[in-house]
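Colleague: Compact mmCIF, C-alpha atoms, saved as my_file.txt, coming up:
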```txt
# COMPACT_ATOMS: atom_id res chain seq x y z
CA PHE Z 7 22.91 -29.94 78.67
CA SER Z 8 23.57 -30.43 74.99
CA PHE Z 9 21.48 -32.10 72.32
CA LYS Z 10 22.38 -33.23 68.85
CA MET Z 11 20.31 -31.52 66.15
CA HIS Z 12 19.30 -33.22 62.92
CA HIS Z 13 17.94 -31.76 59.70
CA ARG Z 14 14.62 -33.33 58.74
CA PHE Z 15 16.21 -34.81 55.60
CA SER Z 16 19.19 -36.30 57.47
CA GLU Z 17 19.57 -40.08 57.51
CA PRO Z 18 18.86 -40.54 61.27
CA VAL Z 19 15.57 -38.68 60.89
CA LYS Z 20 14.48 -40.01 57.51
CA LYS Z 21 14.32 -43.59 58.85
CA TRP Z 22 11.37 -42.49 61.03
CA TRP Z 23 9.48 -41.14 58.03
CA PRO Z 24 6.65 -42.94 56.23
CA GLU Z 25 7.61 -45.08 53.26
CA LYS Z 26 9.10 -42.99 50.49
CA GLY Z 27 6.65 -42.42 47.65
CA SER Z 28 3.55 -42.76 49.81
CA VAL Z 29 1.08 -39.93 50.28
CA ASP Z 30 2.08 -39.79 53.96
CA TYR Z 31 5.73 -39.36 52.96
CA TYR Z 32 5.02 -36.39 50.72
CA ALA Z 33 2.53 -34.97 53.22
CA ALA Z 34 5.32 -35.03 55.80
CA LEU Z 35 7.33 -32.74 53.52
CA VAL Z 36 4.58 -30.18 53.76
CA ASP Z 37 4.97 -28.26 57.01
CA ARG Z 38 1.33 -28.48 58.10
CA ASP Z 39 1.30 -25.79 60.77
CA ARG Z 40 -2.23 -24.51 60.05
CA ILE Z 41 -1.24 -20.83 60.32
CA VAL Z 42 -4.23 -18.57 59.71
CA ARG Z 43 -4.12 -16.51 62.94
CA GLY Z 44 -7.21 -14.39 62.83
CA ARG Z 45 -6.96 -13.16 59.26
CA GLY Z 46 -10.39 -14.51 58.39
CA LEU Z 47 -9.01 -16.74 55.66
CA ILE Z 48 -9.90 -20.25 54.57
CA THR Z 49 -7.23 -22.91 54.15
CA PHE Z 50 -7.18 -26.65 53.63
CA SER Z 51 -7.88 -28.82 56.68
CA ASP Z 52 -4.19 -29.78 56.89
CA GLY Z 53 -3.14 -26.12 56.83
CA ASN Z 54 -2.02 -23.70 54.15
CA SER Z 55 1.60 -24.76 53.68
CA THR Z 56 2.83 -25.81 50.26
CA PHE Z 57 6.08 -27.44 49.21
CA ARG Z 58 8.05 -27.42 45.97
CA ILE Z 59 9.01 -31.02 45.20
CA SER Z 60 11.75 -31.27 42.58
CA SER Z 61 11.21 -35.02 42.08
CA LEU Z 62 7.60 -34.30 41.09
CA GLY Z 63 8.21 -31.74 38.37
CA PHE Z 64 9.38 -28.72 40.44
CA LEU Z 65 5.74 -27.83 41.18
CA HIS Z 66 4.25 -26.64 44.47
CA TYR Z 67 2.15 -29.28 46.22
CA THR Z 68 -0.21 -29.32 49.18
CA THR Z 69 -2.29 -31.96 50.94
CA VAL Z 70 -6.08 -31.82 50.61
CA SER Z 71 -8.74 -33.95 52.28
CA LEU Z 72 -11.68 -35.02 50.15
CA GLY Z 73 -14.83 -37.06 50.77
CA THR Z 74 -16.42 -38.73 53.83
CA PRO Z 75 -14.44 -40.12 55.51
CA GLY Z 76 -11.74 -37.73 54.36
CA LYS Z 77 -9.03 -39.13 52.14
CA LYS Z 78 -5.77 -37.26 51.57
CA PHE Z 79 -4.39 -36.31 48.18
CA LEU Z 80 -1.09 -34.60 47.38
CA VAL Z 81 -2.09 -32.17 44.62
CA ALA Z 82 -0.10 -29.75 42.47
CA LEU Z 83 -1.38 -26.15 42.57
CA ASP Z 84 -2.06 -24.76 39.10
CA THR Z 85 -3.27 -21.22 38.37
CA GLY Z 86 -3.07 -21.97 34.64
CA SER Z 87 -6.04 -24.35 34.59
CA ASP Z 88 -9.47 -24.55 36.19
CA LEU Z 89 -10.53 -28.08 37.04
CA PHE Z 90 -9.50 -29.81 40.27
CA TRP Z 91 -9.06 -33.53 39.58
CA VAL Z 92 -7.69 -36.56 41.39
CA PRO Z 93 -6.96 -40.11 40.19
CA CYS Z 94 -10.19 -42.04 40.48
CA ASP Z 95 -11.47 -45.45 39.32
CA CYS Z 96 -8.29 -45.55 37.27
CA SER Z 97 -7.93 -47.31 33.99
CA LYS Z 98 -4.71 -45.33 33.30
CA CYS Z 99 -3.06 -43.45 36.18
CA ALA Z 100 0.51 -42.80 37.30
CA PRO Z 101 2.32 -46.07 38.08
CA ASP Z 102 4.90 -46.64 40.82
CA PHE Z 103 3.44 -44.13 43.29
CA GLU Z 104 1.95 -45.26 46.60
CA LEU Z 105 -0.61 -42.46 46.47
CA ASN Z 106 -4.32 -42.45 47.16
CA ILE Z 107 -6.99 -43.18 44.56
CA TYR Z 108 -10.45 -41.66 44.96
CA ASN Z 109 -13.36 -44.11 44.94
CA PRO Z 110 -16.86 -42.55 44.65
CA LYS Z 111 -18.36 -45.60 46.35
CA GLY Z 112 -16.01 -45.14 49.31
CA SER Z 113 -17.41 -41.70 50.23
CA SER Z 114 -20.88 -41.30 51.73
CA THR Z 115 -21.11 -37.71 50.41
CA SER Z 116 -20.08 -38.46 46.82
CA LYS Z 117 -22.50 -37.62 43.99
CA LYS Z 118 -21.97 -38.00 40.26
CA VAL Z 119 -22.61 -34.82 38.29
CA THR Z 120 -25.23 -35.24 35.59
CA CYS Z 121 -25.41 -33.68 32.16
CA ASN Z 122 -28.09 -31.17 33.17
CA ASN Z 123 -25.76 -29.59 35.78
CA SER Z 124 -24.66 -26.07 34.79
CA LEU Z 125 -20.98 -26.99 35.22
CA CYS Z 126 -21.43 -29.66 32.57
CA ARG Z 127 -22.33 -26.91 30.05
CA ASN Z 128 -25.16 -29.10 28.73
CA ARG Z 129 -22.83 -30.95 26.41
CA CYS Z 130 -24.40 -34.34 27.04
CA LEU Z 131 -27.90 -35.66 27.59
CA GLY Z 132 -30.18 -35.69 30.64
CA THR Z 133 -29.20 -37.56 33.76
CA SER Z 134 -26.19 -39.35 32.31
CA ASN Z 135 -22.83 -38.89 34.04
CA CYS Z 136 -21.04 -35.74 32.86
CA PRO Z 137 -17.74 -36.62 31.14
CA TYR Z 138 -14.81 -34.21 30.99
CA MET Z 139 -11.45 -33.94 29.29
CA VAL Z 140 -8.68 -31.39 29.94
CA SER Z 141 -5.68 -31.04 27.63
CA TYR Z 142 -2.55 -29.22 28.85
CA VAL Z 143 0.28 -27.44 27.07
CA SER Z 144 2.82 -30.17 27.86
CA ALA Z 145 3.10 -32.65 25.03
CA ASP Z 146 0.25 -35.18 25.02
CA THR Z 147 -0.64 -34.39 28.65
CA SER Z 148 -4.32 -34.72 29.54
CA THR Z 149 -6.83 -36.05 32.04
CA SER Z 150 -10.32 -37.39 31.38
CA GLY Z 151 -13.12 -39.01 33.33
CA ILE Z 152 -16.40 -37.84 34.86
CA LEU Z 153 -17.35 -34.93 37.13
CA ILE Z 154 -18.08 -35.67 40.79
CA GLU Z 155 -19.45 -33.59 43.66
CA ASP Z 156 -18.11 -34.22 47.17
CA VAL Z 157 -16.94 -32.30 50.24
CA LEU Z 158 -13.55 -30.61 50.44
CA HIS Z 159 -12.44 -30.24 54.05
CA LEU Z 160 -11.38 -26.67 54.82
CA MET Z 161 -10.81 -24.64 57.96
CA THR Z 162 -10.61 -21.15 59.39
CA GLU Z 163 -8.80 -20.25 62.58
CA ASP Z 164 -11.64 -21.53 64.75
CA GLN Z 165 -14.00 -23.65 62.68
CA VAL Z 166 -14.16 -26.51 60.19
CA VAL Z 167 -15.78 -25.79 56.82
CA ASP Z 168 -16.84 -28.72 54.65
CA ALA Z 169 -17.58 -27.25 51.23
CA ALA Z 170 -19.37 -29.19 48.50
CA ILE Z 171 -17.26 -28.78 45.36
CA THR Z 172 -17.21 -30.24 41.86
CA PHE Z 173 -14.04 -31.97 40.67
CA GLY Z 174 -12.81 -34.45 38.11
CA CYS Z 175 -12.76 -38.18 38.75
CA GLY Z 176 -9.64 -38.72 36.63
CA GLN Z 177 -9.90 -42.16 35.13
CA VAL Z 178 -7.37 -41.74 32.30
CA GLN Z 179 -4.19 -39.64 32.49
CA THR Z 180 -1.62 -39.18 29.72
CA GLY Z 181 1.77 -37.53 29.16
CA SER Z 182 3.46 -35.84 32.12
CA PHE Z 183 0.79 -37.13 34.51
CA LEU Z 184 2.11 -40.67 33.96
CA ASP Z 185 5.68 -39.60 34.69
CA VAL Z 186 6.43 -36.97 37.35
CA ALA Z 187 3.94 -34.09 37.22
CA ALA Z 188 0.94 -34.24 39.57
CA PRO Z 189 0.72 -38.03 40.01
CA ASN Z 190 -1.92 -37.61 42.76
CA GLY Z 191 -4.00 -34.86 41.16
CA LEU Z 192 -4.01 -31.23 40.07
CA PHE Z 193 -5.76 -28.37 41.86
CA GLY Z 194 -6.91 -25.88 39.20
CA LEU Z 195 -7.09 -22.31 40.52
CA GLY Z 196 -8.24 -20.53 37.35
CA MET Z 197 -11.07 -18.07 36.77
CA GLU Z 198 -13.69 -20.34 35.25
CA LYS Z 199 -16.72 -21.23 37.36
CA VAL Z 200 -15.67 -24.88 37.79
CA SER Z 201 -12.50 -23.92 39.76
CA VAL Z 202 -12.54 -24.26 43.55
CA PRO Z 203 -11.91 -20.51 44.24
CA SER Z 204 -14.87 -19.71 41.98
CA ILE Z 205 -17.08 -22.26 43.77
CA LEU Z 206 -16.06 -21.00 47.24
CA SER Z 207 -16.70 -17.35 46.38
CA ARG Z 208 -19.99 -18.19 44.67
CA LYS Z 209 -21.11 -19.94 47.86
CA GLY Z 210 -20.26 -16.80 49.83
CA LEU Z 211 -17.48 -18.48 51.80
CA ILE Z 212 -14.64 -16.18 50.72
CA ALA Z 213 -13.85 -12.98 48.93
CA ASP Z 214 -13.13 -13.75 45.29
CA SER Z 215 -9.36 -13.63 45.76
CA PHE Z 216 -6.56 -15.88 46.96
CA SER Z 217 -2.82 -15.69 47.51
CA MET Z 218 0.11 -18.02 47.00
CA CYS Z 219 3.45 -17.44 48.70
CA PHE Z 220 6.50 -18.95 47.02
CA GLY Z 221 9.35 -19.25 49.52
CA ARG Z 222 12.87 -19.22 48.15
CA ASP Z 223 13.51 -22.35 50.24
CA GLY Z 224 10.67 -24.16 48.44
CA ILE Z 225 8.16 -23.84 51.29
CA GLY Z 226 5.11 -21.67 50.66
CA ARG Z 227 1.48 -21.01 51.57
CA ILE Z 228 -1.92 -20.71 49.92
CA SER Z 229 -4.80 -18.74 51.48
CA PHE Z 230 -8.31 -18.41 50.07
CA GLY Z 231 -10.00 -15.03 50.51
CA ASP Z 232 -6.68 -13.18 50.82
CA LYS Z 233 -6.69 -9.79 49.06
CA GLY Z 234 -3.12 -8.98 50.01
CA SER Z 235 -1.94 -5.82 51.73
CA PRO Z 236 -2.23 -2.08 50.96
CA ASP Z 237 1.50 -1.73 50.25
CA GLN Z 238 1.74 -4.47 47.61
CA GLU Z 239 2.57 -3.74 43.96
CA GLU Z 240 -0.22 -4.39 41.45
CA THR Z 241 -0.93 -4.62 37.75
CA PRO Z 242 -4.25 -5.24 35.96
CA PHE Z 243 -5.21 -8.52 34.35
CA ASN Z 244 -5.78 -8.38 30.62
CA LEU Z 245 -9.24 -9.27 29.29
CA ASN Z 246 -8.54 -12.97 29.25
CA PRO Z 247 -10.09 -15.93 31.08
CA MET Z 248 -6.71 -16.61 32.72
CA TYR Z 249 -4.30 -14.61 34.90
CA ASN Z 250 -2.75 -12.76 31.99
CA ILE Z 251 -0.70 -9.57 32.49
CA SER Z 252 1.42 -7.25 30.29
CA VAL Z 253 5.17 -6.64 30.56
CA ILE Z 254 6.56 -3.43 29.04
CA GLN Z 255 10.24 -3.68 29.98
CA ILE Z 256 12.86 -6.20 31.10
CA ARG Z 257 15.89 -4.95 32.98
CA LEU Z 258 19.00 -7.12 32.96
CA GLY Z 259 21.86 -4.74 33.65
CA THR Z 260 20.47 -2.65 30.81
CA SER Z 261 16.84 -1.96 29.93
CA ILE Z 262 15.14 -3.95 27.20
CA ASP Z 263 11.96 -2.27 26.00
CA THR Z 264 9.31 -4.77 25.08
CA ASP Z 265 5.55 -5.24 25.05
CA PHE Z 266 4.10 -8.69 25.55
CA SER Z 267 1.39 -10.40 27.55
CA ALA Z 268 2.14 -13.41 29.74
CA LEU Z 269 0.23 -15.91 31.82
CA PHE Z 270 1.14 -16.07 35.53
CA ASP Z 271 1.07 -19.83 35.92
CA SER Z 272 2.01 -21.72 39.09
CA GLY Z 273 1.55 -24.98 37.18
CA THR Z 274 4.59 -24.28 35.00
CA SER Z 275 7.93 -24.82 36.71
CA PHE Z 276 10.02 -22.42 34.63
CA THR Z 277 9.43 -19.34 32.49
CA TYR Z 278 8.65 -19.51 28.75
CA LEU Z 279 9.07 -16.56 26.37
CA VAL Z 280 8.52 -16.17 22.64
CA ASP Z 281 10.74 -14.15 20.33
CA PRO Z 282 11.81 -11.39 20.22
CA ALA Z 283 11.66 -11.17 24.04
CA TYR Z 284 13.40 -14.54 24.53
CA THR Z 285 16.34 -13.78 22.25
CA ARG Z 286 16.86 -10.23 23.57
CA LEU Z 287 16.78 -11.41 27.18
CA SER Z 288 18.99 -14.48 26.75
CA GLU Z 289 21.58 -12.72 24.60
CA SER Z 290 21.80 -9.89 27.14
CA PHE Z 291 22.31 -12.47 29.91
CA ASN Z 292 25.00 -14.20 27.83
CA LEU Z 293 26.91 -10.95 27.29
CA GLN Z 294 27.07 -10.37 31.05
CA ALA Z 295 27.81 -13.95 32.18
CA GLN Z 296 31.44 -14.39 33.21
CA ASP Z 297 31.77 -18.17 32.90
CA ARG Z 298 32.24 -20.57 29.98
CA ARG Z 299 29.01 -21.38 28.17
CA ASP Z 300 27.94 -25.02 28.21
CA PRO Z 301 24.53 -25.45 26.51
CA ARG Z 302 22.21 -27.94 28.19
CA ILE Z 303 18.70 -29.08 27.31
CA PRO Z 304 16.07 -27.75 27.90
CA PHE Z 305 17.95 -24.58 28.86
CA GLU Z 306 19.91 -23.02 26.03
CA TYR Z 307 22.07 -20.67 28.12
CA CYS Z 308 24.06 -22.70 30.66
CA TYR Z 309 27.53 -22.05 32.11
CA ASP Z 310 30.20 -24.01 33.96
CA MET Z 311 30.38 -22.51 37.42
CA SER Z 312 33.91 -21.29 38.05
CA PRO Z 313 35.53 -22.06 41.45
CA GLY Z 314 35.16 -18.48 42.66
CA ALA Z 315 31.65 -17.93 41.28
CA ASN Z 316 28.92 -16.57 43.52
CA THR Z 317 25.41 -15.31 43.00
CA SER Z 318 26.50 -11.67 43.06
CA MET Z 319 28.21 -12.26 39.71
CA ILE Z 320 24.92 -13.26 38.07
CA PRO Z 321 23.14 -10.32 36.40
CA SER Z 322 20.06 -9.13 38.32
CA MET Z 323 16.75 -9.20 36.47
CA SER Z 324 13.47 -7.32 36.84
CA LEU Z 325 10.26 -6.91 34.86
CA THR Z 326 8.26 -3.71 34.56
CA MET Z 327 4.55 -4.34 34.37
CA LYS Z 328 1.91 -2.42 32.43
CA SER Z 329 1.05 -0.51 35.63
CA GLY Z 330 4.66 0.71 35.84
CA SER Z 331 5.33 -1.40 38.94
CA PRO Z 332 8.66 -3.27 39.11
CA PHE Z 333 8.82 -7.04 39.62
CA LEU Z 334 12.31 -8.13 40.70
CA VAL Z 335 13.16 -11.69 39.69
CA TYR Z 336 15.02 -13.27 42.62
CA ASP Z 337 15.77 -16.66 41.05
CA PRO Z 338 16.28 -16.36 37.27
CA ILE Z 339 18.72 -19.30 37.22
CA ILE Z 340 18.74 -22.99 38.12
CA VAL Z 341 21.89 -24.77 39.30
CA ILE Z 342 22.41 -28.28 37.92
CA SER Z 343 24.83 -30.62 39.66
CA THR Z 344 26.73 -33.09 37.51
CA ARG Z 345 29.26 -35.67 38.70
CA ALA Z 346 32.18 -33.42 37.90
CA GLU Z 347 30.89 -29.87 38.25
CA LEU Z 348 28.13 -27.38 38.87
CA VAL Z 349 26.35 -25.79 35.94
CA TYR Z 350 24.02 -22.81 36.18
CA CYS Z 351 21.42 -21.99 33.54
CA LEU Z 352 19.14 -19.11 32.72
CA ALA Z 353 15.87 -20.87 33.61
CA VAL Z 354 13.93 -19.47 30.66
CA VAL Z 355 12.78 -21.64 27.76
CA LYS Z 356 12.05 -20.47 24.22
CA SER Z 357 8.34 -20.85 23.45
CA PRO Z 358 6.84 -21.08 19.96
CA ASP Z 359 3.48 -19.54 20.77
CA PHE Z 360 2.81 -17.88 24.18
CA ASN Z 361 4.58 -16.39 27.18
CA ILE Z 362 4.33 -17.96 30.65
CA ILE Z 363 5.74 -16.54 33.87
CA GLY Z 364 6.48 -19.75 35.76
CA GLN Z 365 7.06 -20.58 39.40
CA ASN Z 366 10.77 -19.79 39.31
CA PHE Z 367 10.05 -16.10 38.66
CA MET Z 368 7.49 -16.01 41.52
CA SER Z 369 9.99 -17.20 44.11
CA GLY Z 370 10.33 -14.84 47.09
CA TYR Z 371 6.87 -13.28 46.68
CA ARG Z 372 3.37 -13.52 48.01
CA ILE Z 373 1.36 -13.37 44.80
CA VAL Z 374 -2.28 -12.24 45.11
CA PHE Z 375 -4.79 -13.27 42.45
CA ASP Z 376 -7.54 -10.72 43.11
CA ARG Z 377 -10.44 -11.70 40.88
CA GLU Z 378 -12.74 -8.98 42.29
CA LYS Z 379 -10.43 -6.05 41.51
CA PHE Z 380 -9.11 -7.97 38.47
CA VAL Z 381 -5.50 -7.31 39.45
CA LEU Z 382 -2.35 -9.29 40.19
CA GLY Z 383 -0.62 -8.20 43.39
CA TRP Z 384 2.84 -9.05 44.70
CA LYS Z 385 5.02 -8.29 47.68
CA LYS Z 386 8.42 -9.57 48.77
CA PHE Z 387 7.59 -11.94 51.59
CA ASN Z 388 8.99 -14.52 53.98
CA CYS Z 389 6.39 -17.26 53.72
CA SER Z 390 6.92 -18.30 57.33
CA ASP Z 391 5.73 -14.86 58.47
CA VAL Z 392 2.11 -13.92 59.07
CA GLU Z 393 0.88 -10.36 58.77
CA ASP Z 394 -2.42 -8.54 58.72
CA SER Z 395 -3.76 -8.08 55.23
CA ASN Z 396 -6.59 -6.39 53.44
CA SER Z 397 -8.51 -9.66 53.36
CA PHE Z 398 -12.24 -9.96 53.76
CA PRO Z 399 -13.47 -11.98 56.74
CA LEU Z 400 -15.20 -15.28 56.31
CA ARG Z 401 -18.69 -14.52 55.11
CA PRO Z 402 -21.48 -15.85 57.31
CA GLN Z 403 -23.50 -18.91 56.39
CA ASN Z 404 -27.01 -19.71 57.55
CA SER Z 405 -25.83 -23.23 58.25
CA PRO Z 406 -22.60 -25.20 57.67
CA PRO Z 407 -22.38 -26.70 54.16
CA ALA Z 408 -22.21 -30.42 53.86
CA VAL Z 409 7.16 -30.47 35.06
CA ALA Z 410 5.63 -28.34 33.61
CA VAL Z 411 1.93 -28.80 33.32
CA GLY Z 412 0.97 -25.43 31.91
CA PRO Z 413 -2.43 -24.03 31.06
CA GLY Z 414 -5.25 -26.38 30.21
CA ASP Z 415 -8.60 -26.15 28.49
CA TYR Z 416 -11.57 -27.63 30.33
CA THR Z 417 -14.06 -29.21 27.97
CA PRO Z 418 -16.80 -31.60 28.91
CA GLU Z 419 -16.81 -34.32 26.29
CA ALA Z 420 -19.78 -34.57 24.01
```
What do you get writing this file as structure tokens?
Modeller:
Amino acid sequence: FSFKMHHRFSEPVKKWWPEKGSVDYYAALVDRDRIVRGRGLITFSDGNSTFRISSLGFLHYTTVSLGTPGKKFLVALDTGSDLFWVPCDCSKCAPDFELNIYNPKGSSTSKKVTCNNSLCRNRCLGTSNCPYMVSYVSADTSTSGILIEDVLHLMTEDQVVDAAITFGCGQVQTGSFLDVAAPNGLFGLGMEKVSVPSILSRKGLIADSFSMCFGRDGIGRISFGDKGSPDQEETPFNLNPMYNISVIQIRLGTSIDTDFSALFDSGTSFTYLVDPAYTRLSESFNLQAQDRRDPRIPFEYCYDMSPGANTSMIPSMSLTMKSGSPFLVYDPIIVISTRAELVYCLAVVKSPDFNIIGQNFMSGYRIVFDREKFVLGWKKFNCSDVEDSNSFPLRPQNSPPAVAVGPGDYTPEA
């Protein structure tokens, strides 16, 4: 017997998919296989798989279910900000996307957060609705609205966990949120107490740690409560409210001694460096590149790919962290296809003010954000594999509970 095989993006298969641009279409991209396999971790109700979607800003997305009855949202995962928000009662949201809009009146478990709630920081008065506004590093990119409490549907290997969390009812979006980045919401994973990992650990549901795996094929995983494995590399976080680490050396054929701090930010597609690190790195790359330079925006160091070019000709890159541990960069370039040729670029952008290690440098790793030990961990990993880890089990409950975005500042409006 023989059977014809089709790739899931092939034309015969794509015609069976949901309408392109709908939440079901993007959810179908995410391989929702629910792998947790006895590790005592918490994942979203649709599983822990994530997917890098180039048409939506090269960010990693996953599907979450929110409210009662549950409604699905395709959210970008962002370690550089804290607040989880979804489009809600929109007066200005992303156009041209057939994605879900949250309606507080449509969920029987929805509650508006008042000004006297601790997450509102007492910046408004009494029992009024608590407003919020978050501004991001991308030009004129922000979200604003009111804070809401509702249930986020999670799961372990053998049980459903409906956790009451606080999130933003995003009524007005600006900048990148009206174009390609996070049109259906952003899932902040930062350290502040309003973030979902902080809420889950404070409720005793998980250890105060989580991991994100960034597959080189664009498919990854996120697992709450994951503390990684004993053989992973680690470096300490700096005293900063975000996942900030220090780099002491860059190796690109030759060693470049340096000393700078950088934010590990899954909400930024590519890596941003300030001078002198940017200039020293890019000029070293340029000296070793063997093809004709062809500058493209936003990447300054791009090259026409010669007919015989292959990845082995591209200089290898690694970072040395403050702990002394090496961090090999598997994908320092991006290949751009034009009508006539292929162009490859060093996917690092010059930054005027701060350094960001973006998603492209995290590719090929399981990255562990251990907020209890206050360390960043990493290990080369195939995201389709599952292994035992040094994770804490689910903590018991007395009863079940009801393009580049970049870092953002959460501030309830006065």
Colleague: Could you name the residues that touch Phe380 in chain Z at 12 Å or less, counting all atoms listed in the file, but leaving out those on the same chain fewer than 3 positions away, as a PyMOL selection string?
Modeller: chain Z and resi 197+214-216+233+240-251+374-377+383
Colleague: Take CA of Lys117 in chain Z and CA of Gly73 in chain Z and report the distance between them in Å, one decimal.
Modeller: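 Here the two named atoms are 10.3 Å from each other.
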Colleague: Could you work out how far CA of Ala188 in chain Z lies from CA of Thr120 in chain Z, giving the answer in Å with one decimal?
Modeller: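 Spanning CA of Thr120 in chain Z to CA of Ala188 in chain Z is a straight-line distance of 26.5 Å.
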Colleague: Can I get the residues of range 264-376 of chain Z within 12 Å of range 142-157 of chain Z, each with the closest pair of atoms and their distance in Å to one decimal, using all atoms listed in the file, sorted chain first then ascending number, as CSV?
Modeller:
```
residue,atom,partner,partner_atom,distance
Z:Asp271,CA,Z:Val143,CA,11.7
Z:Gly273,CA,Z:Tyr142,CA,10.2
Z:Thr274,CA,Z:Ser144,CA,9.4
Z:Ser275,CA,Z:Ser144,CA,11.5
Z:Tyr278,CA,Z:Val143,CA,11.7
Z:Ser357,CA,Z:Val143,CA,11.0
Z:Pro358,CA,Z:Val143,CA,11.6
Z:Asp359,CA,Z:Val143,CA,10.6
Z:Phe360,CA,Z:Val143,CA,10.3
Z:Asn361,CA,Z:Val143,CA,11.9
Z:Ile362,CA,Z:Val143,CA,10.9
```
Colleague: Which residues are near range 329-342 of chain Z? Cut-off 8 Å, all atoms listed in the file, ignore same chain within fewer than 3 positions. Put them as a list of chain:residue names.
Modeller: Z:Glu239, Z:Glu240, Z:Thr241, Z:Pro242, Z:Ser322, Z:Met323, Z:Ser324, Z:Leu325, Z:Thr326, Z:Leu348, Z:Val349, Z:Tyr350, Z:Cys351, Z:Leu352, Z:Ala353, Z:Val354, Z:Asn366, Z:Phe367, Z:Met368, Z:Ser369, Z:Gly370
Colleague: What does the distance from CA of Ser97 in chain Z to CA of Phe79 in chain Z come to in Å, to one decimal?
Modeller: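 If I compute the distance from CA of Ser97 in chain Z to CA of Phe79 in chain Z, I get 18.3 Å.
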Colleague: So which one's closest to Leu206 in chain Z, Z:Trp384, Z:Phe230, Z:Phe103, Z:Trp91? Using only C-alpha atoms, please.
Modeller: Z:Phe230
Colleague: Quick one: of Z:Gln365, Z:Thr260, Z:Thr285, Z:Ser87, who's nearest to Lys199 in chain Z, counting only C-alpha atoms?
Modeller: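 Of Z:Gln365, Z:Thr260, Z:Thr285, Z:Ser87, the one nearest Lys199 in chain Z, counting only C-alpha atoms, is Z:Ser87.
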Colleague: What would the list of residues within 8 Å of (12.4, -6.0, 28.4) (file frame) look like as a ChimeraX atom specification, if all atoms listed in the file are what count?
Modeller: /Z:253-257,261-265,283,286-287,325-326
Colleague: Which is closer to Phe291 in chain Z than all the others in Z:Gly231, Z:Gly210, Z:Gly259, Z:Pro313, using only C-alpha atoms?
Modeller: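 Going through Z:Gly231, Z:Gly210, Z:Gly259, Z:Pro313 one by one, the smallest distance to Phe291 in chain Z is for Z:Gly259.
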Colleague: Using only C-alpha atoms, can you tell me which of Z:Asp102, Z:Asp297, Z:Asp88, Z:Asp185 comes closest to Thr172 in chain Z?
Modeller: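 Going through Z:Asp102, Z:Asp297, Z:Asp88, Z:Asp185 one by one, the smallest distance to Thr172 in chain Z is for Z:Asp88.
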Colleague: With distances taken over all atoms listed in the file, which residue among Z:Leu293, Z:Leu83, Z:Cys121, Z:Ile171 lies nearest Arg227 in chain Z?
Modeller: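 For Arg227 in chain Z, the nearest of the given residues is Z:Leu83.
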Colleague: Determine, counting all atoms listed in the file, which protein, DNA and RNA residues have an atom within 10 Å of an atom of Ser60 in chain Z; residues of the same chain fewer than 2 positions away are not included. Present the result as number ranges by chain.
Modeller: Z: 57-58, 62-66, 186-187, 224, 275, 409
Colleague: Go through Z:Cys136, Z:Cys175, Z:Ile59, Z:Ile363 and flag the residue nearest Tyr108 in chain Z, using all atoms listed in the file for the distances.
Modeller: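 Closest to Tyr108 in chain Z of all the choices is Z:Cys175.
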